[in-house]
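For reference, the structure is listed below as structure tokens.
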Amino acid sequence: MKLPSLSAWPGLAQHALWNNPILVKEVRTRMRGNRAFVLLTVHLLILGLALALIYLIISLSQATFNNPGDRQTLGKLIFGLLVWMELVMVSFTSPALTSGAISLERERQTFDLLKVTLLKARSLALGKYFAGLVFVLLLLVTSLPLFGPPFILGGIQLEEILIAVLILATSAVSFCAVGLFLSSLFSRTLVASVLAYAFAILMNFGIPIMMLLVITVLGARFSGLAAPTPLWTVLWAYLAWLGISLTPPAAMIGTEVALIEGQGVWLARLPMDGRELVFISPWIIYVGFYLLLSLALIWLSTKLVARTER
Amino acid sequence: MHAIELKDVTRCYGARTAVDHLSLAIQPGEVFGFVGPNGAGKTSTIRMIAGLLQVTSGEILVGGRSVCREREAVLGQIGYMPDYFGVYPDLKVWEYLDFFAACYLIQPDRRPRLTGELLELVDLPHRRDDLVESLSRGMKQRLSLARTLLHDPQVLLLDEPASGLDPRARVEIRELLVELAHMGKTIFFSTHILADVAEICTRVGIIEEGHLVAQGSLEELHLQIIPARRIEVTLLGESERAQALLADRPDVTSLEILSLPAGPTSASAALGMPTLEVMQQKDGGRARLAFEFNGQDPALSRLLAELVAAGLPVVGFSADQRDLEEVYLRATKGIVS
């Protein structure tokens with residue numbers, strides 16, 4: 001038998017994401033059988049049930065929704081709950097899908113087999129990354145129709161939904177990047193998973209709690225003391241704004257509050273000590289920072305994957 | 001140009017030296033058996049050639065290209081099969097090959113035919129749609145071998161390809177390697193199974209504690225490590241004259257009478273050789289003598305000519321087969337680093 005000789009593909013097609021063998025294999029195996037179907041169904045059932053439950057409770061407590069204000073409040077409540085549940089889903093599904101991306105290959109002893117192929121480390125890392133991200137985005141996209149009821153009830157603008165989806169998608173992008181990086185850094189999936197989940201918990205719960213604690217402690221400590229200088233006040237205000245903008249739930253709430261208060265989509269103006277401070281809307285800082293962080297983590301993951309055992 | 005060349009290669013793991021100043025050159029088309037005890041440095045050497053492990057010092061060239069500096073070019077030339085089978089449990093046999101074909105950047109329209117041909121080569125076309133996980137170990141090894149051939153590499157690096165296989169599966173792998181050798185591939189493989197080495201290798205390297213203790217063809221190794229070889233001569237009589245002639249030769253170190261046409265004899269006493277042992281057997285009127293000869297092939301040829309020229313009725317003259325096991329045991333000390 002004569003084996004055919006190797007010939008390279010045309011450059012662009014070779015590097016196109018849809019031709020990435022890792023991505024194709026991962027998606028093919030992930031969608032095989034009923035696992036993906038069950039996961040999607042369970043995800044939508046949980047969200048749908050939560051939505052139905054809150055609607056039922058409020059409709060039982062109030063005879064009618066003739067008052068437009070009540071309807072809008074209900075719409076905002078359901079919207080907030082949905083976004084929060086989606087954020088929790090994104091935060092905990094992303095590490096599950098990516099924290100074993102590279103380390104599992106090492107554990108299954110297939111990493112060496114991949115490394116001796118002509119596949120570039122970049123293709124390997126990107127294939128693994130997008131295989132995880134695509135599934136998280138699929139969960140997100142399939143749940144978009146659930147935003148319909150709060151939108152119909154009123155009180156929610158289209159831009160609020162778009163910003164919420166953008167923040168959720170950015171969270172998926174960054175949590176998947178964190179998972180991939182940890183999986184490339186550590187040879188054991190268990191270590192990578194624990195750290196990826198720890199990061200998700202820290203970002204969603206840890207930092208907001210710490211911020212509350214800091215504000216409470218500082219407030220108590222400095223009460224009765226002389227007021228800080230205007231420069232310190234401004235500095236603290238911007239630092240606090242940055243803290244809010246870099247924490248997923250705080251960024252969402254901050255953006256929502258700014259929109260409710262009639263601030264623009266892009267900028268927020270807050271009066272402070274007789275002057276007006278201008279802030280970039282939290283969602284912009286959040287999206288910008290986490291997209292850059294994700295790019296850096298994917299680049300580092302590529303370097304770690306390309307590394308030869310020393 | 002050598003297919004594989006190792007120049008003074010050393011590999012250390014902390015304070016432990018796994019491969020110590022190893023130099024080796026494999027010619028294109030050679031089947032090189034790399035033999036040594038566990039922990040001798042075989043796997044480290046193969047992984048370094050495959051570019052999966054950095055050398056501590058020295059240089060490795062494959063097809064004249066540096067593994068360290070021209071890694072991508074080298075990867076196109078080598079097919080690597082580790083001593084374990086990496087499994088993707090959810091993939092079918094054809095998908096497994098198709099996936100790795102894609103990783104070797106083989107165009108999608110060429111893959112179905114290529115995977116089909118390779119499955120034929122390794123005798124697995126009937127398991128095409130089965131999950132890889134459901135294959136026996138022997139089948140997985142054959143599939144693994146098919147994977148190494150996807151990009152038609154010239155050099156195959158096989159780490160213990162027959163390890164843990166039953167005798168039939170071992171024979172099948174061996175036959176495959178012979179077929180690949182006939183296709184002109186250079187095969188560098190490590191093994192514990194000396195019978196495989198003796199069967200298919202054109203050259204052998206014995207490694208212990210990271211040192212190459214011997215290398216060469218089986219014949220060369222035998223001469224290098226066990227210089228004396230056992231020769232059997234069968235005569236139609238005149239055995240005593242033959243014994244006397246052989247006893248006078250400086251390259252004949254011991255003589256043994258395996259059988260004589262007549263009754264028992266004390267040939268050892270007659271020849272005065274300390275290791276002489278007489279085994280009296282009826283053998284159709286023929287005399288069979290065995291002696292240890294420590295000369296080279298031309299000297300052995302001359303000895304046979306002398307026996308015939310002396311008018312001795314020689315009807316059989318044979319050297320024993322080189323026994324790699326004996327060579328291996330003498331070359332190694334059983335030390336594991």
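Letters for chains follow the order of the structure tokens (A, B, ...), residue numbers begin at 1 for each chain, and ligand numbers begin at 1 in the order shown.
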Using only C-alpha atoms, find which residues of chain B lie within 9 Å of chain A and jot them down as number ranges by chain.
B: 13, 50-56, 72, 75-76, 78-82, 84-88, 90-91, 95, 99-107, 110, 114, 117-118, 121, 149-153, 183
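Residues within 9 Å of range 42-50 of chain A, counting only C-alpha atoms and excluding same-chain residues fewer than 4 positions away, are A:Phe37, A:Val38, A:Ile54, A:Tyr55, A:Ile78, A:Leu81, A:Leu82, A:Met85, A:Glu86, A:Met89, A:Leu139, A:Thr142, A:Ser143, A:Leu146.
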Non-local contacts of Leu162 in chain A (12 Å; only C-alpha atoms; under 3 positions in same chain excluded) as a list in words
Val83, Leu144, Phe147, Phe151, Ile156, Gln157, Leu158, Glu159, Val165, Leu166, Ile167, Leu168, Ala169, Met252, Thr255, Glu256, Val265 and Trp283 of chain A
The selected residues should be written to file as an mmCIF file, in the first residue's frame (atoms: N, CA and C atoms).
data_model
loop_
_atom_site.group_PDB
_atom_site.id
_atom_site.type_symbol
_atom_site.label_atom_id
_atom_site.label_comp_id
_atom_site.auth_asym_id
_atom_site.auth_seq_id
_atom_site.Cartn_x
_atom_site.Cartn_y
_atom_site.Cartn_z
ATOM 1 N N VAL A 83 -31.447 37.067 35.180
ATOM 2 C CA VAL A 83 -30.054 37.446 34.900
ATOM 3 C C VAL A 83 -29.131 36.868 35.970
ATOM 4 N N LEU A 144 -32.613 32.698 26.014
ATOM 5 C CA LEU A 144 -33.006 34.080 25.688
ATOM 6 C C LEU A 144 -34.533 34.282 25.605
ATOM 7 N N PHE A 147 -36.445 35.812 28.448
ATOM 8 C CA PHE A 147 -36.474 37.251 28.727
ATOM 9 C C PHE A 147 -37.738 37.896 28.158
ATOM 10 N N PHE A 151 -40.054 41.379 29.506
ATOM 11 C CA PHE A 151 -40.073 42.438 28.498
ATOM 12 C C PHE A 151 -41.521 42.836 28.186
ATOM 13 N N ILE A 156 -38.765 46.979 31.426
ATOM 14 C CA ILE A 156 -37.450 46.577 30.929
ATOM 15 C C ILE A 156 -37.277 47.117 29.517
ATOM 16 N N GLN A 157 -36.171 47.791 29.304
ATOM 17 C CA GLN A 157 -35.885 48.312 27.973
ATOM 18 C C GLN A 157 -35.021 47.297 27.211
ATOM 19 N N LEU A 158 -35.057 47.417 25.912
ATOM 20 C CA LEU A 158 -34.271 46.496 25.081
ATOM 21 C C LEU A 158 -32.779 46.608 25.410
ATOM 22 N N GLU A 159 -32.328 47.850 25.657
ATOM 23 C CA GLU A 159 -30.889 48.022 25.928
ATOM 24 C C GLU A 159 -30.476 47.326 27.237
ATOM 25 N N VAL A 165 -27.174 40.592 28.436
ATOM 26 C CA VAL A 165 -26.658 39.461 27.636
ATOM 27 C C VAL A 165 -25.171 39.659 27.346
ATOM 28 N N LEU A 166 -24.763 40.905 27.092
ATOM 29 C CA LEU A 166 -23.350 41.183 26.824
ATOM 30 C C LEU A 166 -22.488 40.875 28.055
ATOM 31 N N ILE A 167 -22.978 41.271 29.226
ATOM 32 C CA ILE A 167 -22.229 40.984 30.461
ATOM 33 C C ILE A 167 -22.162 39.472 30.699
ATOM 34 N N LEU A 168 -23.272 38.797 30.436
ATOM 35 C CA LEU A 168 -23.285 37.334 30.616
ATOM 36 C C LEU A 168 -22.319 36.669 29.637
ATOM 37 N N ALA A 169 -22.348 37.116 28.388
ATOM 38 C CA ALA A 169 -21.455 36.527 27.381
ATOM 39 C C ALA A 169 -19.996 36.804 27.740
ATOM 40 N N MET A 252 -23.586 44.494 36.985
ATOM 41 C CA MET A 252 -24.964 44.441 36.464
ATOM 42 C C MET A 252 -25.883 45.375 37.248
ATOM 43 N N THR A 255 -25.002 49.076 36.599
ATOM 44 C CA THR A 255 -25.502 49.533 35.296
ATOM 45 C C THR A 255 -27.013 49.752 35.351
ATOM 46 N N GLU A 256 -27.699 48.805 35.995
ATOM 47 C CA GLU A 256 -29.162 48.872 36.074
ATOM 48 C C GLU A 256 -29.604 50.111 36.862
ATOM 49 N N VAL A 265 -26.587 55.204 28.667
ATOM 50 C CA VAL A 265 -26.050 53.835 28.538
ATOM 51 C C VAL A 265 -24.531 53.853 28.690
ATOM 52 N N TRP A 283 -20.811 48.462 32.839
ATOM 53 C CA TRP A 283 -20.792 47.337 31.889
ATOM 54 C C TRP A 283 -19.671 47.499 30.865
#
I need the residues of range 79-266 of chain B that end up classed as strand (DSSP E) by DSSP on the backbone, written out as a ChimeraX atom specification.
/B:79-81,155-159,186-191,203-208,211-216,229-235,252-259
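Pairwise distance (CA of Glu175 in chain B, CA of Ile200 in chain B) equals 8.9 Å.
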If you run DSSP on this backbone, which residues of range 60-130 of chain B come out as helix (DSSP H, G or I), and could you give them as a ChimeraX atom specification?
/B:71-75,93-103,108-121,125-127
